[in-house]
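Structure file data.pdb (PDB, C-alpha atoms) is printed below.
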```pdb
ATOM      1  CA  MET Y   1     279.844 257.627 172.088
ATOM      2  CA  ASP Y   2     277.936 260.097 169.888
ATOM      3  CA  GLY Y   3     281.008 262.230 169.430
ATOM      4  CA  HIS Y   4     282.902 259.311 167.846
ATOM      5  CA  ARG Y   5     279.996 257.728 165.972
ATOM      6  CA  LYS Y   6     280.715 256.783 162.334
ATOM      7  CA  PRO Y   7     278.797 258.792 159.760
ATOM      8  CA  SER Y   8     275.758 257.113 158.204
ATOM      9  CA  VAL Y   9     275.808 255.791 154.640
ATOM     10  CA  SER Y  10     273.540 258.614 153.452
ATOM     11  CA  GLY Y  11     275.786 261.118 155.177
ATOM     12  CA  SER Y  12     278.843 259.664 153.422
ATOM     13  CA  VAL Y  13     277.110 259.937 150.051
ATOM     14  CA  LYS Y  14     276.287 263.589 150.706
ATOM     15  CA  MET Y  15     279.869 264.263 151.754
ATOM     16  CA  ASN Y  16     281.169 262.599 148.574
ATOM     17  CA  GLU Y  17     278.816 264.681 146.447
ATOM     18  CA  LYS Y  18     280.125 267.838 148.105
ATOM     19  CA  GLN Y  19     283.679 266.725 147.492
ATOM     20  CA  ASN Y  20     282.947 266.034 143.827
ATOM     21  CA  TRP Y  21     281.349 269.414 143.237
ATOM     22  CA  GLY Y  22     283.238 271.592 145.722
ATOM     23  CA  VAL Y  23     286.247 272.250 143.484
ATOM     24  CA  SER Y  24     288.704 275.112 143.639
ATOM     25  CA  ALA Y  25     289.602 277.486 140.825
ATOM     26  CA  SER Y  26     292.984 275.772 140.458
ATOM     27  CA  ASP Y  27     291.247 272.388 140.012
ATOM     28  CA  VAL Y  28     289.156 273.846 137.173
ATOM     29  CA  VAL Y  29     292.272 275.298 135.511
ATOM     30  CA  TYR Y  30     294.128 271.992 135.855
ATOM     31  CA  HIS Y  31     291.099 270.033 134.609
ATOM     32  CA  PHE Y  32     290.664 272.019 131.391
ATOM     33  CA  GLY Y  33     294.379 272.801 131.023
ATOM     34  CA  THR Y  34     295.509 269.156 131.056
ATOM     35  CA  SER Y  35     292.883 268.363 128.411
ATOM     36  CA  GLY Y  36     293.884 271.266 126.149
ATOM     37  CA  ILE Y  37     297.622 270.614 126.426
ATOM     38  CA  SER Y  38     297.278 266.892 125.700
ATOM     39  CA  VAL Y  39     295.122 267.487 122.602
ATOM     40  CA  ALA Y  40     297.495 270.227 121.355
ATOM     41  CA  ALA Y  41     300.532 267.963 121.768
ATOM     42  CA  ALA Y  42     298.810 265.120 119.895
ATOM     43  CA  THR Y  43     297.765 267.572 117.155
ATOM     44  CA  ALA Y  44     301.328 268.833 116.684
ATOM     45  CA  ILE Y  45     302.648 265.286 116.276
ATOM     46  CA  THR Y  46     299.949 264.115 113.831
ATOM     47  CA  HIS Y  47     299.424 267.367 111.875
ATOM     48  CA  PRO Y  48     301.150 266.197 108.647
ATOM     49  CA  LEU Y  49     298.598 263.386 108.437
ATOM     50  CA  ASP Y  50     295.809 265.944 108.805
ATOM     51  CA  VAL Y  51     297.188 267.921 105.836
ATOM     52  CA  LEU Y  52     297.275 264.736 103.745
ATOM     53  CA  LYS Y  53     293.743 263.843 104.865
ATOM     54  CA  VAL Y  54     292.344 267.190 103.657
ATOM     55  CA  ARG Y  55     294.153 266.877 100.310
ATOM     56  CA  LEU Y  56     292.823 263.319  99.857
ATOM     57  CA  GLN Y  57     289.256 264.397 100.678
ATOM     58  CA  MET Y  58     289.390 267.065  97.954
ATOM     59  CA  GLN Y  59     290.435 264.648  95.198
ATOM     60  CA  LEU Y  60     288.252 264.352  92.092
ATOM     61  CA  VAL Y  61     285.451 266.552  93.451
ATOM     62  CA  GLY Y  62     282.277 265.589  91.596
ATOM     63  CA  GLN Y  63     284.057 262.851  89.626
ATOM     64  CA  ARG Y  64     284.687 259.132  89.759
ATOM     65  CA  GLY Y  65     288.089 257.721  89.032
ATOM     66  CA  PRO Y  66     291.273 256.220  90.502
ATOM     67  CA  LEU Y  67     292.335 257.954  93.683
ATOM     68  CA  THR Y  68     295.867 258.863  94.687
ATOM     69  CA  GLY Y  69     296.974 256.912  97.748
ATOM     70  CA  MET Y  70     298.288 258.477 100.943
ATOM     71  CA  GLY Y  71     301.903 257.349 100.342
ATOM     72  CA  GLN Y  72     301.971 258.663  96.777
ATOM     73  CA  LEU Y  73     300.390 261.956  97.833
ATOM     74  CA  PHE Y  74     302.960 262.344 100.615
ATOM     75  CA  PHE Y  75     305.861 262.138  98.146
ATOM     76  CA  GLN Y  76     304.084 264.454  95.678
ATOM     77  CA  VAL Y  77     303.541 267.126  98.341
ATOM     78  CA  VAL Y  78     307.107 266.936  99.661
ATOM     79  CA  LYS Y  79     308.583 266.998  96.134
ATOM     80  CA  ASN Y  80     306.420 269.814  94.733
ATOM     81  CA  GLU Y  81     305.852 272.008  97.802
ATOM     82  CA  GLY Y  82     308.599 271.047 100.234
ATOM     83  CA  PRO Y  83     308.478 269.389 103.674
ATOM     84  CA  ARG Y  84     307.188 272.591 105.308
ATOM     85  CA  SER Y  85     303.907 272.192 103.414
ATOM     86  CA  LEU Y  86     303.083 269.249 105.697
ATOM     87  CA  TYR Y  87     302.734 271.791 108.500
ATOM     88  CA  LEU Y  88     300.427 274.224 106.698
ATOM     89  CA  GLY Y  89     297.764 275.494 109.092
ATOM     90  CA  LEU Y  90     299.644 274.317 112.186
ATOM     91  CA  THR Y  91     299.232 277.609 114.089
ATOM     92  CA  PRO Y  92     295.421 277.715 113.898
ATOM     93  CA  ALA Y  93     295.358 273.950 114.495
ATOM     94  CA  LEU Y  94     297.250 274.387 117.782
ATOM     95  CA  MET Y  95     295.150 277.410 118.792
ATOM     96  CA  ARG Y  96     291.988 275.419 118.163
ATOM     97  CA  SER Y  97     293.327 272.323 119.917
ATOM     98  CA  VAL Y  98     293.951 274.118 123.191
ATOM     99  CA  VAL Y  99     290.411 275.561 123.337
ATOM    100  CA  TYR Y 100     288.562 272.769 121.517
ATOM    101  CA  GLY Y 101     290.466 269.991 123.273
ATOM    102  CA  GLY Y 102     290.116 271.635 126.661
ATOM    103  CA  LEU Y 103     286.357 271.976 126.256
ATOM    104  CA  ARG Y 104     285.782 268.646 124.485
ATOM    105  CA  LEU Y 105     287.524 266.546 127.126
ATOM    106  CA  GLY Y 106     287.000 268.967 129.992
ATOM    107  CA  LEU Y 107     283.203 269.160 129.724
ATOM    108  CA  TYR Y 108     282.787 265.369 129.622
ATOM    109  CA  GLU Y 109     283.223 264.704 133.353
ATOM    110  CA  PRO Y 110     280.961 267.602 134.522
ATOM    111  CA  SER Y 111     278.305 266.529 131.990
ATOM    112  CA  LYS Y 112     278.525 262.937 133.200
ATOM    113  CA  HIS Y 113     278.207 264.024 136.854
ATOM    114  CA  ALA Y 114     275.205 266.211 135.998
ATOM    115  CA  CYS Y 115     273.501 263.269 134.271
ATOM    116  CA  GLU Y 116     274.353 261.068 137.239
ATOM    117  CA  LEU Y 117     272.591 263.464 139.607
ATOM    118  CA  ALA Y 118     269.621 263.883 137.251
ATOM    119  CA  PHE Y 119     269.110 260.247 136.208
ATOM    120  CA  LYS Y 120     270.863 258.376 139.046
ATOM    121  CA  SER Y 121     272.862 256.440 136.472
ATOM    122  CA  THR Y 122     276.177 256.482 134.585
ATOM    123  CA  ASN Y 123     275.392 253.805 132.003
ATOM    124  CA  ILE Y 124     276.786 253.785 128.464
ATOM    125  CA  LEU Y 125     273.944 255.956 127.118
ATOM    126  CA  VAL Y 126     274.704 258.672 129.674
ATOM    127  CA  LYS Y 127     278.385 258.577 128.680
ATOM    128  CA  ILE Y 128     277.508 258.806 124.972
ATOM    129  CA  ALA Y 129     275.171 261.754 125.611
ATOM    130  CA  SER Y 130     277.803 263.528 127.754
ATOM    131  CA  GLY Y 131     280.471 263.072 125.087
ATOM    132  CA  ALA Y 132     278.157 264.248 122.302
ATOM    133  CA  PHE Y 133     277.206 267.379 124.241
ATOM    134  CA  SER Y 134     280.783 268.378 125.086
ATOM    135  CA  GLY Y 135     282.020 267.734 121.524
ATOM    136  CA  ALA Y 136     279.216 269.721 119.890
ATOM    137  CA  ILE Y 137     279.643 272.743 122.198
ATOM    138  CA  ALA Y 138     283.425 272.792 121.728
ATOM    139  CA  THR Y 139     283.100 272.710 117.941
ATOM    140  CA  ALA Y 140     280.426 275.408 117.752
ATOM    141  CA  LEU Y 141     282.785 277.786 119.569
ATOM    142  CA  THR Y 142     285.937 276.964 117.580
ATOM    143  CA  ASN Y 143     284.578 276.422 114.035
ATOM    144  CA  PRO Y 144     286.124 279.657 112.586
ATOM    145  CA  VAL Y 145     289.615 278.422 113.452
ATOM    146  CA  GLU Y 146     288.876 275.064 111.801
ATOM    147  CA  VAL Y 147     287.712 276.843 108.619
ATOM    148  CA  LEU Y 148     290.929 278.865 108.629
ATOM    149  CA  LYS Y 149     293.026 275.730 109.158
ATOM    150  CA  VAL Y 150     291.627 273.785 106.192
ATOM    151  CA  ARG Y 151     291.866 276.866 103.922
ATOM    152  CA  LEU Y 152     295.563 277.209 104.771
ATOM    153  CA  GLN Y 153     296.151 273.472 104.287
ATOM    154  CA  MET Y 154     294.732 273.592 100.758
ATOM    155  CA  ASN Y 155     296.573 276.763  99.680
ATOM    156  CA  PRO Y 156     300.357 276.470 100.081
ATOM    157  CA  ASN Y 157     300.994 279.726  98.202
ATOM    158  CA  LEU Y 158     299.088 282.035 100.547
ATOM    159  CA  LYS Y 159     301.254 284.979 101.605
ATOM    160  CA  ARG Y 160     298.817 286.898 103.783
ATOM    161  CA  GLY Y 161     299.014 284.602 106.830
ATOM    162  CA  ALA Y 162     296.303 283.487 109.234
ATOM    163  CA  ILE Y 163     295.038 286.951 110.235
ATOM    164  CA  GLY Y 164     294.980 288.125 106.638
ATOM    165  CA  GLU Y 165     293.061 285.034 105.547
ATOM    166  CA  ILE Y 166     290.428 285.536 108.256
ATOM    167  CA  HIS Y 167     289.981 289.152 107.133
ATOM    168  CA  LYS Y 168     289.669 288.025 103.496
ATOM    169  CA  ILE Y 169     287.033 285.390 104.340
ATOM    170  CA  ALA Y 170     284.998 287.826 106.432
ATOM    171  CA  SER Y 171     285.175 290.685 103.906
ATOM    172  CA  GLU Y 172     284.604 288.675 100.712
ATOM    173  CA  GLU Y 173     282.282 285.903 101.916
ATOM    174  CA  GLY Y 174     280.762 287.393 105.058
ATOM    175  CA  VAL Y 175     281.363 286.662 108.728
ATOM    176  CA  MET Y 176     278.999 283.679 108.633
ATOM    177  CA  ALA Y 177     281.405 281.971 106.218
ATOM    178  CA  LEU Y 178     283.584 281.352 109.279
ATOM    179  CA  TRP Y 179     280.826 279.034 110.517
ATOM    180  CA  ARG Y 180     280.479 277.254 107.178
ATOM    181  CA  GLY Y 181     280.182 273.517 107.752
ATOM    182  CA  VAL Y 182     279.414 273.985 111.453
ATOM    183  CA  GLY Y 183     276.483 271.536 111.291
ATOM    184  CA  PRO Y 184     278.490 268.533 110.047
ATOM    185  CA  ALA Y 185     281.424 269.677 112.188
ATOM    186  CA  MET Y 186     279.234 269.586 115.320
ATOM    187  CA  ALA Y 187     277.784 266.224 114.279
ATOM    188  CA  ARG Y 188     281.279 264.867 113.706
ATOM    189  CA  ALA Y 189     282.605 266.242 116.991
ATOM    190  CA  ALA Y 190     279.571 264.908 118.878
ATOM    191  CA  ALA Y 191     280.053 261.454 117.322
ATOM    192  CA  LEU Y 192     283.837 261.612 117.777
ATOM    193  CA  THR Y 193     283.750 262.666 121.421
ATOM    194  CA  ALA Y 194     280.905 260.286 122.276
ATOM    195  CA  SER Y 195     282.634 257.318 120.631
ATOM    196  CA  GLN Y 196     286.099 258.240 121.929
ATOM    197  CA  LEU Y 197     285.296 259.039 125.543
ATOM    198  CA  ALA Y 198     282.471 256.557 126.101
ATOM    199  CA  THR Y 199     284.521 253.751 124.495
ATOM    200  CA  TYR Y 200     287.653 254.736 126.429
ATOM    201  CA  ASP Y 201     285.672 254.906 129.683
ATOM    202  CA  GLU Y 202     283.951 251.545 129.154
ATOM    203  CA  SER Y 203     287.099 249.848 127.769
ATOM    204  CA  LYS Y 204     289.079 250.815 130.868
ATOM    205  CA  ARG Y 205     286.451 249.352 133.158
ATOM    206  CA  ALA Y 206     286.078 246.169 131.101
ATOM    207  CA  LEU Y 207     289.850 245.630 130.877
ATOM    208  CA  MET Y 208     290.284 246.213 134.616
ATOM    209  CA  ARG Y 209     287.447 243.772 135.304
ATOM    210  CA  TRP Y 210     288.433 240.977 132.912
ATOM    211  CA  THR Y 211     292.231 241.285 132.609
ATOM    212  CA  PRO Y 212     295.156 241.745 135.033
ATOM    213  CA  LEU Y 213     295.637 245.337 133.802
ATOM    214  CA  GLU Y 214     295.495 248.073 136.435
ATOM    215  CA  GLU Y 215     295.441 251.877 136.235
ATOM    216  CA  GLY Y 216     298.598 252.828 134.349
ATOM    217  CA  PHE Y 217     300.318 253.125 130.960
ATOM    218  CA  PHE Y 218     299.347 249.758 129.433
ATOM    219  CA  LEU Y 219     295.697 250.127 130.448
ATOM    220  CA  HIS Y 220     295.608 253.634 128.951
ATOM    221  CA  LEU Y 221     297.360 252.415 125.763
ATOM    222  CA  SER Y 222     294.938 249.506 125.244
ATOM    223  CA  SER Y 223     291.804 251.552 125.987
ATOM    224  CA  SER Y 224     292.843 254.503 123.800
ATOM    225  CA  THR Y 225     293.692 252.197 120.872
ATOM    226  CA  ILE Y 226     290.206 250.664 121.006
ATOM    227  CA  ALA Y 227     288.632 254.141 121.259
ATOM    228  CA  GLY Y 228     290.672 255.497 118.325
ATOM    229  CA  THR Y 229     289.703 252.611 116.028
ATOM    230  CA  LEU Y 230     285.978 252.891 116.742
ATOM    231  CA  SER Y 231     285.867 256.681 116.488
ATOM    232  CA  THR Y 232     287.561 256.585 113.059
ATOM    233  CA  LEU Y 233     284.952 254.205 111.650
ATOM    234  CA  VAL Y 234     282.117 256.347 113.021
ATOM    235  CA  THR Y 235     283.345 259.783 111.965
ATOM    236  CA  ALA Y 236     285.154 259.362 108.599
ATOM    237  CA  PRO Y 237     282.135 260.246 106.367
ATOM    238  CA  MET Y 238     281.203 263.240 108.550
ATOM    239  CA  ASP Y 239     284.797 264.465 108.475
ATOM    240  CA  MET Y 240     284.841 264.340 104.659
ATOM    241  CA  ILE Y 241     281.524 266.255 104.403
ATOM    242  CA  LYS Y 242     282.769 268.866 106.885
ATOM    243  CA  THR Y 243     285.922 269.422 104.809
ATOM    244  CA  ARG Y 244     283.960 269.792 101.557
ATOM    245  CA  LEU Y 245     281.609 272.381 103.076
ATOM    246  CA  MET Y 246     284.483 274.395 104.527
ATOM    247  CA  LEU Y 247     286.202 274.397 101.128
ATOM    248  CA  GLN Y 248     283.210 275.424  99.021
ATOM    249  CA  GLN Y 249     285.441 277.470  96.727
ATOM    250  CA  GLU Y 250     287.211 274.257  95.730
ATOM    251  CA  SER Y 251     283.881 272.519  95.039
ATOM    252  CA  GLU Y 252     282.146 275.087  92.819
ATOM    253  CA  ARG Y 253     282.619 272.940  89.723
ATOM    254  CA  VAL Y 254     279.675 270.789  90.924
ATOM    255  CA  GLY Y 255     277.679 273.670  92.422
ATOM    256  CA  THR Y 256     277.359 274.905  95.978
ATOM    257  CA  TYR Y 257     276.455 272.387  98.654
ATOM    258  CA  LYS Y 258     273.328 273.579 100.482
ATOM    259  CA  ASN Y 259     273.975 271.658 103.699
ATOM    260  CA  GLY Y 260     275.551 268.481 105.023
ATOM    261  CA  PHE Y 261     272.813 266.166 103.753
ATOM    262  CA  HIS Y 262     272.955 267.729 100.275
ATOM    263  CA  CYS Y 263     276.737 267.349 100.269
ATOM    264  CA  ALA Y 264     276.481 263.660 101.228
ATOM    265  CA  TYR Y 265     273.860 263.104  98.509
ATOM    266  CA  GLN Y 266     275.966 264.838  95.837
ATOM    267  CA  VAL Y 267     279.071 262.883  96.799
ATOM    268  CA  MET Y 268     277.165 259.579  96.681
ATOM    269  CA  LEU Y 269     275.616 260.548  93.335
ATOM    270  CA  THR Y 270     278.726 261.800  91.540
ATOM    271  CA  GLU Y 271     281.571 259.959  93.287
ATOM    272  CA  GLY Y 272     279.909 256.832  94.618
ATOM    273  CA  PRO Y 273     279.632 255.545  98.219
ATOM    274  CA  ARG Y 274     283.397 255.170  98.352
ATOM    275  CA  GLY Y 275     283.629 258.949  98.020
ATOM    276  CA  LEU Y 276     282.407 259.342 101.618
ATOM    277  CA  TYR Y 277     285.543 257.534 102.796
ATOM    278  CA  LYS Y 278     288.079 259.537 100.783
ATOM    279  CA  GLY Y 279     291.004 260.126 103.108
ATOM    280  CA  GLY Y 280     289.744 257.328 105.375
ATOM    281  CA  LEU Y 281     293.181 255.730 105.726
ATOM    282  CA  ALA Y 282     294.731 259.102 106.571
ATOM    283  CA  ILE Y 283     291.959 259.704 109.123
ATOM    284  CA  PHE Y 284     292.704 256.358 110.762
ATOM    285  CA  ALA Y 285     296.478 256.900 110.576
ATOM    286  CA  ARG Y 286     296.004 260.288 112.263
ATOM    287  CA  LEU Y 287     293.084 259.715 114.634
ATOM    288  CA  GLY Y 288     294.347 256.391 116.008
ATOM    289  CA  PRO Y 289     297.724 257.732 117.221
ATOM    290  CA  GLN Y 290     296.188 261.089 118.147
ATOM    291  CA  THR Y 291     293.627 259.403 120.410
ATOM    292  CA  THR Y 292     296.313 257.251 122.012
ATOM    293  CA  ILE Y 293     298.694 260.182 122.599
ATOM    294  CA  THR Y 294     295.876 262.393 123.896
ATOM    295  CA  PHE Y 295     294.612 259.962 126.503
ATOM    296  CA  ILE Y 296     298.009 258.720 127.679
ATOM    297  CA  LEU Y 297     299.340 262.276 128.054
ATOM    298  CA  CYS Y 298     296.124 263.572 129.620
ATOM    299  CA  GLU Y 299     296.125 260.771 132.214
ATOM    300  CA  LYS Y 300     299.774 261.513 133.094
ATOM    301  CA  LEU Y 301     299.182 265.264 133.353
ATOM    302  CA  ARG Y 302     296.127 264.671 135.550
ATOM    303  CA  GLU Y 303     298.212 262.433 137.801
ATOM    304  CA  LEU Y 304     300.909 265.126 138.097
ATOM    305  CA  ALA Y 305     298.218 267.759 138.822
ATOM    306  CA  GLY Y 306     296.698 265.603 141.564
ATOM    307  CA  LEU Y 307     293.450 264.943 139.668
ATOM    308  CA  LYS Y 308     291.737 261.572 139.487
ATOM    309  CA  ALA Y 309     292.039 259.448 136.340
ATOM    310  CA  LEU Y 310     289.504 259.881 133.540
TER
END
```

Please render this file's structure as structure tokens.
Amino acid sequence: MDGHRKPSVSGSVKMNEKQNWGVSASDVVYHFGTSGISVAAATAITHPLDVLKVRLQMQLVGQRGPLTGMGQLFFQVVKNEGPRSLYLGLTPALMRSVVYGGLRLGLYEPSKHACELAFKSTNILVKIASGAFSGAIATALTNPVEVLKVRLQMNPNLKRGAIGEIHKIASEEGVMALWRGVGPAMARAAALTASQLATYDESKRALMRWTPLEEGFFLHLSSSTIAGTLSTLVTAPMDMIKTRLMLQQESERVGTYKNGFHCAYQVMLTEGPRGLYKGGLAIFARLGPQTTITFILCEKLRELAGLKAL
């Protein structure tokens, strides 16, 4: 009978589209909240490695020479400045992580769905473009907090605190100084998010297709490890350039960098190609575990919130 007739295929597709897009306010909060919380938790755990990474990237600015290793630097910092110095800049780092992480991961799925409706496809290029867009937007909005974080990490003797440092930057260098390095930062975040999320997305599908792994902890662990390794290789030079631009005061001995390309050129010229990978080991040691923790925790929080897996 007509009253009990099954819906047509086209009707089912339309219903699914409505279900995908007809979300409640609580779903939006859970979607962005789970992303922000997972990134903030991963940031808190790996923050000491971020401090070491920044210190390593600022070694021998404009010079060639033997570089201090991550292990040696760790003991130097703890001995000379105390263990608390490994958590310099943690407050702005956590503030940024909640907003930046929420937007970076949270905008990926909506961007991917929008591309799916526009191009009728969710291939790897669409996933890369969606990740790049969400990463760039998130960074553009949170760059001032990143500038504050790296300034605090490089200056253990600051007494004025985060608010005082922001006021000092704005009054002495101008408000636009808070967006110093935003170009390379957006490029790095676009590359990071695209490589992380697209690789994680594709790795999950490939592992589910070609191995016995199913949705769960071991699938998330394997996929996030692959994503963390690739994203480190892609973003290490951009991360170093971003740090140098944000710490212009530390780099004045070789002149002011005009932009990201000029910074890369100057580093290559005065420090050699290896200079672009200063702090590379610390980046990998931080970004690998951070990626793994972020995705595993985010997947669990989404499950508890009743959201579908990434």

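Taking atom CA of Val77 of chain Y as the reference point, atom CA of Ile169 of chain Y is found at 25.3 Å.
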
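Residue membership of the PyMOL selection byres ((chain Y and resi 115) around 12) in the shown file amounts to Tyr108, Glu109, Pro110, Ser111, Lys112, His113, Ala114, Glu116, Leu117, Ala118, Phe119, Lys120, Ser121, Thr122, Asn123, Ile124, Leu125, Val126, Lys127, Ile128, Ala129, Ser130, Gly131 and Phe133 of chain Y.
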
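Proximity ranking of Y:Asn80, Y:Thr46, Y:Thr243, Y:Asn259 relative to Leu276 of chain Y places Y:Thr243 first, based on all atoms listed in the file.
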
* To do: Please provide as JSON, numbers by chain all residues within 6 Å of segment 197-202 of chain Y, with the sequence filter that same-chain residues fewer than 2 positions apart are discarded (counting all atoms listed in the file).
  => {"Y": [127, 128, 193, 194, 195, 204, 205, 223, 224, 227]}

* Identify all residues satisfying the PyMOL selection byres ((chain Y and resi 188) around 12) in the given file; provide them as a ChimeraX atom specification. => /Y:131-140,181-187,189-196,231-243,260

* Where does the PyMOL selection byres ((chain Y and resi 288) around 12) land in this file, that is, which residues does it pick, as a PyMOL selection string? -> chain Y and resi 42-43+46+49+192+196+221-233+280-287+289-295

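With distances restricted to all atoms listed in the file, Y:Asn143 is the closest residue to Met246 of chain Y from Y:Gln76, Y:Ser38, Y:Thr91, Y:Asn143.
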
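Between atom CA of Lys149 of chain Y and atom CA of Leu94 of chain Y the interatomic distance comes to 9.7 Å.
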
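Note that the spacing between atom CA of Ala309 of chain Y and atom CA of Ala206 of chain Y amounts to 15.5 Å.
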
Output, as lines of an AutoDock Vina configuration file, the centre and edge lengths in Å (one decimal) of the axis-aligned box that contains all listed atoms of segment 194-209 of chain Y with 4 Å of margin on each side.
```
center_x = 285.6
center_y = 252.0
center_z = 128.0
size_x = 17.4
size_y = 24.5
size_z = 22.7
```

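Distances from Y:Arg244, Y:Arg84, Y:Lys79, Y:Arg96 to Val145 of chain Y were compared using all atoms listed in the file, and the smallest one belongs to Y:Arg96.
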
* Asked: If you count all atoms listed in the file, which residues fall within 12 Å of Ala162 of chain Y, apart from same-chain ones fewer than 6 positions away, as JSON, numbers by chain?
  -> {"Y": [88, 89, 90, 91, 92, 93, 95, 144, 145, 146, 147, 148, 149, 150, 151, 152, 153, 155, 168, 169]}

For the selection just defined, write its residues with C-alpha atoms to a file, as a tab-separated table (two decimals), in the coordinates of the input.
```tsv
chain	number	residue	atom	x	y	z
Y	88	LEU	CA	300.43	274.22	106.70
Y	89	GLY	CA	297.76	275.49	109.09
Y	90	LEU	CA	299.64	274.32	112.19
Y	91	THR	CA	299.23	277.61	114.09
Y	92	PRO	CA	295.42	277.71	113.90
Y	93	ALA	CA	295.36	273.95	114.50
Y	95	MET	CA	295.15	277.41	118.79
Y	144	PRO	CA	286.12	279.66	112.59
Y	145	VAL	CA	289.62	278.42	113.45
Y	146	GLU	CA	288.88	275.06	111.80
Y	147	VAL	CA	287.71	276.84	108.62
Y	148	LEU	CA	290.93	278.86	108.63
Y	149	LYS	CA	293.03	275.73	109.16
Y	150	VAL	CA	291.63	273.79	106.19
Y	151	ARG	CA	291.87	276.87	103.92
Y	152	LEU	CA	295.56	277.21	104.77
Y	153	GLN	CA	296.15	273.47	104.29
Y	155	ASN	CA	296.57	276.76	99.68
Y	168	LYS	CA	289.67	288.02	103.50
Y	169	ILE	CA	287.03	285.39	104.34
```

* Asked: From the set Y:Leu73, Y:Leu56, Y:Ile37, Y:Met176, which residue has the shortest atom-to-atom contact distance to Glu299 of chain Y, counting all atoms listed in the file?
  -> Y:Ile37
